[in-house]
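Participant: Please find my_file_25.txt (compact mmCIF, C-alpha atoms) on the next line:
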```txt
# COMPACT_ATOMS: atom_id res chain seq x y z
CA MET A 26 0.00 0.00 0.00
CA PRO A 27 1.59 3.34 -1.04
CA ARG A 28 2.32 5.79 1.75
CA LEU A 29 0.61 9.16 1.69
CA ARG A 30 3.20 11.90 1.20
CA LEU A 31 2.13 15.20 2.65
CA PRO A 32 3.04 18.35 0.68
CA GLY A 33 5.93 20.27 2.17
CA SER A 34 3.81 23.42 2.41
CA LEU A 35 1.22 21.56 4.48
CA VAL A 36 3.90 20.25 6.85
CA ALA A 37 5.48 23.69 7.25
CA GLY A 38 2.16 25.48 7.66
CA GLY A 39 0.91 22.79 10.03
CA ALA A 40 4.02 23.18 12.20
CA ILE A 41 3.47 26.94 12.50
CA LEU A 42 -0.22 26.50 13.28
CA ALA A 43 0.53 23.76 15.80
CA LEU A 44 2.88 26.12 17.65
CA MET A 45 0.20 28.82 17.61
CA LEU A 46 -2.39 26.32 18.85
CA VAL A 47 -0.18 25.33 21.79
CA CYS A 48 0.23 29.01 22.69
CA ALA A 49 -3.52 29.56 22.35
CA LEU A 50 -4.63 26.54 24.38
CA ALA A 51 -2.02 26.66 27.14
CA PRO A 52 -0.49 30.15 27.29
CA GLY A 53 0.23 29.74 30.99
CA LEU A 54 2.54 26.80 30.29
CA VAL A 55 4.50 28.64 27.59
CA ALA A 56 4.57 32.28 28.72
CA PRO A 57 7.34 33.09 31.21
CA TYR A 58 5.33 35.82 33.00
CA ASP A 59 1.77 36.83 33.77
CA PRO A 60 0.76 38.78 30.61
CA ILE A 61 -1.28 41.36 32.54
CA ALA A 62 0.95 41.80 35.61
CA PHE A 63 2.48 45.25 36.01
CA ASP A 64 6.13 45.55 36.99
CA TYR A 65 7.09 49.16 37.62
CA THR A 66 10.72 48.17 38.11
CA ALA A 67 10.97 47.03 34.47
CA LEU A 68 9.38 49.80 32.40
CA LEU A 69 10.19 49.89 28.66
CA GLN A 70 13.13 47.53 28.95
CA PRO A 71 14.66 46.38 25.64
CA PRO A 72 14.92 42.70 24.72
CA SER A 73 17.18 40.86 27.14
CA GLY A 74 17.70 37.47 28.71
CA ALA A 75 15.07 38.19 31.35
CA HIS A 76 12.60 39.60 28.81
CA PRO A 77 13.42 38.26 25.30
CA PHE A 78 10.83 40.56 23.66
CA GLY A 79 11.30 43.45 26.09
CA THR A 80 8.64 45.11 28.24
CA ASP A 81 6.00 47.78 27.67
CA GLN A 82 5.23 51.06 29.43
CA PHE A 83 3.70 49.18 32.37
CA GLY A 84 6.55 46.68 32.69
CA ARG A 85 4.49 43.84 31.19
CA ASP A 86 6.49 41.17 29.39
CA ILE A 87 5.90 41.45 25.61
CA LEU A 88 6.74 37.78 24.96
CA SER A 89 4.10 36.68 27.47
CA ARG A 90 1.55 39.10 26.03
CA THR A 91 2.30 38.00 22.47
CA ILE A 92 1.83 34.36 23.46
CA ALA A 93 -1.37 35.14 25.38
CA ALA A 94 -2.71 37.09 22.39
CA ALA A 95 -2.65 33.89 20.32
CA THR A 96 -5.71 32.72 22.30
CA ILE A 97 -7.85 35.61 21.08
CA ASP A 98 -6.44 35.64 17.56
CA ILE A 99 -7.00 31.92 17.02
CA GLN A 100 -10.51 32.45 18.36
CA ILE A 101 -10.98 35.24 15.81
CA ALA A 102 -9.68 33.01 13.00
CA VAL A 103 -12.24 30.32 13.84
CA PHE A 104 -15.32 32.20 15.04
CA ALA A 105 -15.14 34.90 12.38
CA THR A 106 -15.11 32.32 9.58
CA VAL A 107 -17.18 29.33 10.71
CA GLY A 108 -20.49 31.20 10.48
CA PRO A 109 -19.88 32.54 6.95
CA LEU A 110 -18.52 29.12 5.94
CA VAL A 111 -21.66 27.23 7.01
CA VAL A 112 -24.23 29.81 5.90
CA GLY A 113 -22.50 30.59 2.61
CA THR A 114 -21.99 26.93 1.77
CA VAL A 115 -25.65 26.04 2.32
CA ILE A 116 -26.98 29.07 0.44
CA GLY A 117 -24.56 28.57 -2.45
CA LEU A 118 -25.48 24.89 -2.63
CA LEU A 119 -29.20 25.61 -2.83
CA VAL A 120 -28.92 28.58 -5.18
CA GLY A 121 -26.58 26.74 -7.54
CA TYR A 122 -28.74 23.64 -7.66
CA TYR A 123 -32.18 25.20 -8.02
CA GLY A 124 -31.32 28.44 -9.85
CA GLY A 125 -34.30 30.49 -10.98
CA ILE A 126 -35.43 33.60 -9.13
CA ALA A 127 -33.29 32.77 -6.09
CA ASP A 128 -30.22 32.76 -8.31
CA MET A 129 -31.15 36.14 -9.78
CA VAL A 130 -31.66 37.69 -6.35
CA PHE A 131 -28.39 36.20 -5.16
CA GLY A 132 -26.57 37.65 -8.17
CA ARG A 133 -27.84 41.15 -7.38
CA LEU A 134 -26.86 40.73 -3.72
CA VAL A 135 -23.34 39.69 -4.71
CA ASP A 136 -23.06 42.72 -6.99
CA LEU A 137 -24.13 44.97 -4.13
CA VAL A 138 -21.66 43.49 -1.62
CA VAL A 139 -18.61 43.43 -3.88
CA THR A 140 -19.22 47.06 -4.86
CA PHE A 141 -17.94 48.16 -1.44
CA PRO A 142 -14.58 47.19 0.08
CA PHE A 143 -15.00 44.36 2.58
CA LEU A 144 -13.11 46.14 5.37
CA VAL A 145 -15.18 49.32 4.96
CA LEU A 146 -18.43 47.37 5.30
CA VAL A 147 -17.21 45.53 8.40
CA ILE A 148 -15.98 48.74 10.04
CA ALA A 149 -19.31 50.45 9.28
CA ILE A 150 -21.30 47.61 10.85
CA VAL A 151 -19.06 47.41 13.92
CA ALA A 152 -19.26 51.18 14.33
CA VAL A 153 -23.06 50.89 14.45
CA LEU A 154 -23.15 47.85 16.76
CA GLY A 155 -20.28 48.99 18.99
CA PRO A 156 -16.74 47.70 19.55
CA GLY A 157 -16.06 44.16 20.72
CA LEU A 158 -15.35 40.70 19.39
CA VAL A 159 -18.98 39.52 19.29
CA ASN A 160 -20.04 42.49 17.18
CA MET A 161 -17.03 41.93 14.95
CA TYR A 162 -18.16 38.32 14.37
CA ILE A 163 -21.64 39.55 13.52
CA ALA A 164 -20.27 42.12 11.08
CA VAL A 165 -18.02 39.60 9.34
CA GLY A 166 -20.86 37.08 9.18
CA VAL A 167 -23.25 39.57 7.61
CA VAL A 168 -20.82 40.22 4.76
CA GLY A 169 -18.49 37.24 4.57
CA TRP A 170 -20.98 34.48 3.76
CA VAL A 171 -21.48 35.96 0.28
CA PHE A 172 -17.99 34.97 -0.86
CA TYR A 173 -18.42 31.36 0.27
CA ALA A 174 -21.84 31.20 -1.38
CA ARG A 175 -20.49 32.55 -4.66
CA LEU A 176 -17.70 29.97 -4.70
CA MET A 177 -20.04 27.11 -3.80
CA ARG A 178 -22.58 28.19 -6.40
CA GLY A 179 -19.96 28.05 -9.14
CA GLU A 180 -18.94 24.53 -8.13
CA VAL A 181 -22.55 23.31 -7.97
CA LEU A 182 -23.38 24.73 -11.40
CA VAL A 183 -20.76 22.37 -12.83
CA LEU A 184 -21.47 19.34 -10.66
CA ARG A 185 -25.26 19.32 -11.02
CA ASN A 186 -24.88 18.23 -14.64
CA HIS A 187 -22.64 15.25 -13.85
CA ASP A 188 -23.80 11.72 -14.57
CA TYR A 189 -23.94 10.65 -10.92
CA VAL A 190 -26.51 13.38 -10.22
CA SER A 191 -28.66 12.20 -13.12
CA ALA A 192 -28.25 8.61 -11.96
CA GLY A 193 -29.37 9.56 -8.46
CA LYS A 194 -32.52 11.15 -9.84
CA VAL A 195 -33.27 8.05 -11.94
CA LEU A 196 -32.82 5.84 -8.88
CA GLY A 197 -35.33 7.96 -7.01
CA TYR A 198 -32.98 9.59 -4.53
CA GLY A 199 -34.43 12.59 -2.72
CA GLU A 200 -33.05 16.03 -3.48
CA ALA A 201 -31.64 16.36 0.03
CA ARG A 202 -29.61 13.16 -0.46
CA ILE A 203 -28.34 14.30 -3.84
CA LEU A 204 -27.39 17.72 -2.49
CA PHE A 205 -25.74 16.79 0.80
CA ARG A 206 -24.39 13.30 0.12
CA HIS A 207 -23.29 13.58 -3.50
CA ILE A 208 -22.85 17.18 -4.64
CA LEU A 209 -21.63 18.79 -1.39
CA PRO A 210 -18.68 16.40 -0.74
CA ASN A 211 -17.41 16.94 -4.29
CA ALA A 212 -17.85 20.70 -4.13
CA ALA A 213 -16.35 21.14 -0.67
CA ARG A 214 -12.65 20.93 -1.56
CA PRO A 215 -12.26 24.48 -2.95
CA ILE A 216 -14.34 25.74 -0.03
CA LEU A 217 -11.94 24.15 2.48
CA VAL A 218 -8.94 25.70 0.74
CA TYR A 219 -10.59 29.12 0.71
CA TRP A 220 -11.47 28.71 4.39
CA MET A 221 -7.81 28.24 5.31
CA THR A 222 -6.91 31.45 3.51
CA ASP A 223 -9.88 33.24 5.00
CA MET A 224 -8.74 32.41 8.53
CA ALA A 225 -5.47 34.21 7.82
CA LEU A 226 -7.44 37.20 6.55
CA ALA A 227 -9.66 37.05 9.63
CA ILE A 228 -6.60 37.42 11.89
CA LEU A 229 -5.48 40.42 9.84
CA LEU A 230 -8.97 41.88 10.06
CA GLY A 231 -9.20 41.26 13.80
CA SER A 232 -5.80 42.87 14.34
CA SER A 233 -6.79 45.85 12.20
CA LEU A 234 -10.00 46.38 14.15
CA GLY A 235 -8.12 45.88 17.42
CA TYR A 236 -5.64 48.54 16.37
CA LEU A 237 -8.55 50.90 15.60
CA GLY A 238 -10.20 50.14 18.94
CA LEU A 239 -13.14 48.31 17.36
CA GLY A 240 -12.10 44.71 18.03
CA ALA A 241 -10.74 43.18 21.22
CA GLN A 242 -10.69 45.69 24.05
CA PRO A 243 -7.86 46.36 26.53
CA PRO A 244 -6.58 44.96 28.84
CA ALA A 245 -7.10 41.84 26.72
CA ALA A 246 -3.94 40.80 24.88
CA GLU A 247 -4.53 40.75 21.11
CA TRP A 248 -1.89 41.35 18.48
CA GLY A 249 -3.59 44.42 17.01
CA VAL A 250 -4.17 45.85 20.49
CA LEU A 251 -0.51 45.25 21.36
CA ILE A 252 0.59 47.12 18.23
CA ALA A 253 -1.74 49.99 19.12
CA ASP A 254 -0.29 50.05 22.66
CA GLY A 255 3.20 50.53 21.28
CA LYS A 256 2.55 53.06 18.53
CA ASN A 257 3.22 56.05 20.80
CA PHE A 258 6.48 54.53 22.03
CA PHE A 259 7.86 53.27 18.72
CA SER A 260 10.81 55.67 18.64
CA GLN A 261 12.03 54.56 22.07
CA ALA A 262 10.53 51.05 22.41
CA TRP A 263 10.14 49.54 18.95
CA TRP A 264 9.82 46.01 20.36
CA ILE A 265 6.31 46.64 21.72
CA THR A 266 5.02 46.92 18.15
CA VAL A 267 7.45 44.82 16.14
CA PHE A 268 7.13 41.44 17.86
CA PRO A 269 3.29 41.27 17.77
CA GLY A 270 3.55 42.33 14.10
CA ILE A 271 5.90 39.41 13.43
CA ALA A 272 3.38 37.10 15.12
CA ILE A 273 0.66 38.32 12.72
CA ILE A 274 2.95 37.69 9.74
CA LEU A 275 3.80 34.18 10.96
CA ALA A 276 0.12 33.39 11.46
CA GLY A 277 -0.67 34.54 7.93
CA ILE A 278 2.20 32.49 6.52
CA GLY A 279 1.07 29.44 8.49
CA PHE A 280 -2.52 29.55 7.24
CA SER A 281 -1.42 30.34 3.67
CA LEU A 282 1.05 27.44 3.58
CA ALA A 283 -1.52 25.11 5.10
CA GLY A 284 -4.08 26.21 2.51
CA ASP A 285 -1.64 25.59 -0.33
CA GLY A 286 -0.83 22.19 1.13
CA VAL A 287 -4.49 21.24 1.43
CA ALA A 288 -5.02 22.35 -2.18
CA ASP A 289 -2.14 20.16 -3.34
CA LEU A 290 -3.30 17.24 -1.20
CA LEU A 291 -6.87 17.42 -2.53
CA ASP A 292 -5.68 18.29 -6.04
CA VAL A 293 -7.78 21.43 -6.22
CA LYS A 294 -7.43 23.24 -9.54
CA ARG A 295 -6.72 26.93 -8.98
```
What is this structure when it is put down as structure tokens?

Facilitator:
Amino acid sequence: MPRLRLPGSLVAGGAILALMLVCALAPGLVAPYDPIAFDYTALLQPPSGAHPFGTDQFGRDILSRTIAAATIDIQIAVFATVGPLVVGTVIGLLVGYYGGIADMVFGRLVDLVVTFPFLVLVIAIVAVLGPGLVNMYIAVGVVGWVFYARLMRGEVLVLRNHDYVSAGKVLGYGEARILFRHILPNAARPILVYWMTDMALAILLGSSLGYLGLGAQPPAAEWGVLIADGKNFFSQAWWITVFPGIAIILAGIGFSLAGDGVADLLDVKR
């Protein structure tokens, strides 16, 4: 029996995400200090043996805060994308299969959403609802499902004309069985690849909103919030901003590599 060889990008991306997951699930076991404990004897100290990432204006250890922030940012990556993934997949599946008036209405809705930049729409909704992670999830869900639905619809339009769908109808299979047991599994591979990329974008979005004060709220440790905390001290304490920024970059690389690896593993044509 031939052994399954995992793509190198999947292995590399998986290693980065595994490290992030450890930090997110057990920050207390990895972080050397309490991420919210003030130490007025160690204000704005540069990177050193005692504090590898330095300290902030309250003496808090930046390494510990960067590790603790992984908990919120992984949460953002998952919670901000699962809702749009499920809703968009179901709507795209139904619209692509049945077509008709629903497909026409969906087309106009897509045109309306893509007319405006995604980030502008999310910021506008969060500004109305108020800052916070829950409202950010709502805002992303209101807009983000459209992109999943559009991708799923395109896959279903191709798959609904395949022979196995016609055979299922001849055999008397119900439409629910054809949709969810035959079409959906074959159309799900591009959706999974897009989801991996979307989680990276969700972290960037969450960090951007955190920086603007619309996402996670202090004293919670979140990478965007940490960058915002250090912006006024960048000339004298660059490490407060730089190390959380590197964490965001690594997270994006991890999800992107994992997405490419999943695409190669599932042989998704892009």

Participant: With distances taken over only C-alpha atoms, which residue among A:Leu88, A:Ile116, A:Ala227, A:Val159 lies nearest A:Ile265?

Facilitator: A:Leu88

Participant: Please tabulate, as CSV, the residues of stretch 187-260 of chain A that come within 12 Å of stretch 271-278 of chain A, each with its closest pair of atoms and the distance in Å to one decimal, counting only C-alpha atoms and ordering rows by chain, then residue number upward.

Facilitator:
```
residue,atom,partner,partner_atom,distance
A:Met221,CA,A:Gly277,CA,9.9
A:Thr222,CA,A:Gly277,CA,8.2
A:Asp223,CA,A:Gly277,CA,9.8
A:Met224,CA,A:Gly277,CA,8.4
A:Ala225,CA,A:Gly277,CA,4.8
A:Leu226,CA,A:Gly277,CA,7.4
A:Ala227,CA,A:Gly277,CA,9.5
A:Ile228,CA,A:Ile273,CA,7.4
A:Leu229,CA,A:Ile273,CA,7.1
A:Leu230,CA,A:Ile273,CA,10.6
A:Gly231,CA,A:Ile273,CA,10.3
A:Ser232,CA,A:Ile273,CA,8.1
A:Ser233,CA,A:Ile273,CA,10.6
A:Glu247,CA,A:Ile273,CA,10.2
A:Trp248,CA,A:Ile273,CA,7.0
A:Gly249,CA,A:Ile273,CA,8.6
A:Val250,CA,A:Ile273,CA,11.8
A:Leu251,CA,A:Ala272,CA,11.0
A:Ile252,CA,A:Ile273,CA,10.4
```

Participant: If you measure from atom CA of A:Arg175 to atom CA of A:Ile97, what distance in Å do you get, rounded to one decimal?

Facilitator: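 Atom CA of A:Ile97 lies 28.8 Å from atom CA of A:Arg175.
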
Participant: So how far away is atom CA of A:Gly279 from atom CA of A:Pro72, in Å?

Facilitator: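 Atom CA of A:Pro72 sits 25.1 Å away from atom CA of A:Gly279.
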
Participant: So which one's closest to A:Val183, A:Ile203, A:Leu54, A:Ala212, A:Val168? Using all atoms listed in the file, please.

Facilitator: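 So, comparing all the options, the nearest one is A:Ala212.
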
Participant: Nearest to A:Arg206: which of A:Leu118, A:Gln242, A:Leu31, A:Ile41 is it, counting all atoms listed in the file?

Facilitator: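 Residue with the minimum atom-to-atom distance to A:Arg206: A:Leu118.
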
Participant: Taking (-22.7, 34.1, 5.9) in the coordinates of the supplied file, I want to know which residues reach to within 7 Å of it, counting all atoms listed in the file; could you give the answer as a CSV table (one decimal) with C-alpha atoms, in the frame of the given file?

Facilitator:
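part.csv written:
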```
chain,number,residue,atom,x,y,z
A,108,GLY,CA,-20.5,31.2,10.5
A,109,PRO,CA,-19.9,32.5,7.0
A,110,LEU,CA,-18.5,29.1,5.9
A,112,VAL,CA,-24.2,29.8,5.9
A,113,GLY,CA,-22.5,30.6,2.6
A,166,GLY,CA,-20.9,37.1,9.2
A,167,VAL,CA,-23.2,39.6,7.6
A,168,VAL,CA,-20.8,40.2,4.8
A,169,GLY,CA,-18.5,37.2,4.6
A,170,TRP,CA,-21.0,34.5,3.8
A,171,VAL,CA,-21.5,36.0,0.3
```

Participant: Give the answer as one residue: which of A:Gly74, A:Asp81, A:His187, A:Asp86 has the shortest atom-to-atom distance to A:Ala253, using all atoms listed in the file?

Facilitator: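 The closest residue to A:Ala253 is A:Asp81.
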
Participant: Residues within 10 Å of A:Pro71, please, as a short mmCIF file (atom, residue, chain, number, x, y, z; two decimals) with C-alpha atoms, keeping the file's coordinate frame. Count all atoms listed in the file; anything in the same chain fewer than 6 positions from it doesn't count.

Facilitator:
```cif
data_model
loop_
_atom_site.label_atom_id
_atom_site.label_comp_id
_atom_site.auth_asym_id
_atom_site.auth_seq_id
_atom_site.Cartn_x
_atom_site.Cartn_y
_atom_site.Cartn_z
CA PRO A 77 13.42 38.26 25.30
CA PHE A 78 10.83 40.56 23.66
CA GLY A 79 11.30 43.45 26.09
CA THR A 80 8.64 45.11 28.24
CA ASP A 81 6.00 47.78 27.67
CA GLN A 261 12.03 54.56 22.07
CA ALA A 262 10.53 51.05 22.41
CA TRP A 263 10.14 49.54 18.95
CA TRP A 264 9.82 46.01 20.36
CA ILE A 265 6.31 46.64 21.72
#
```
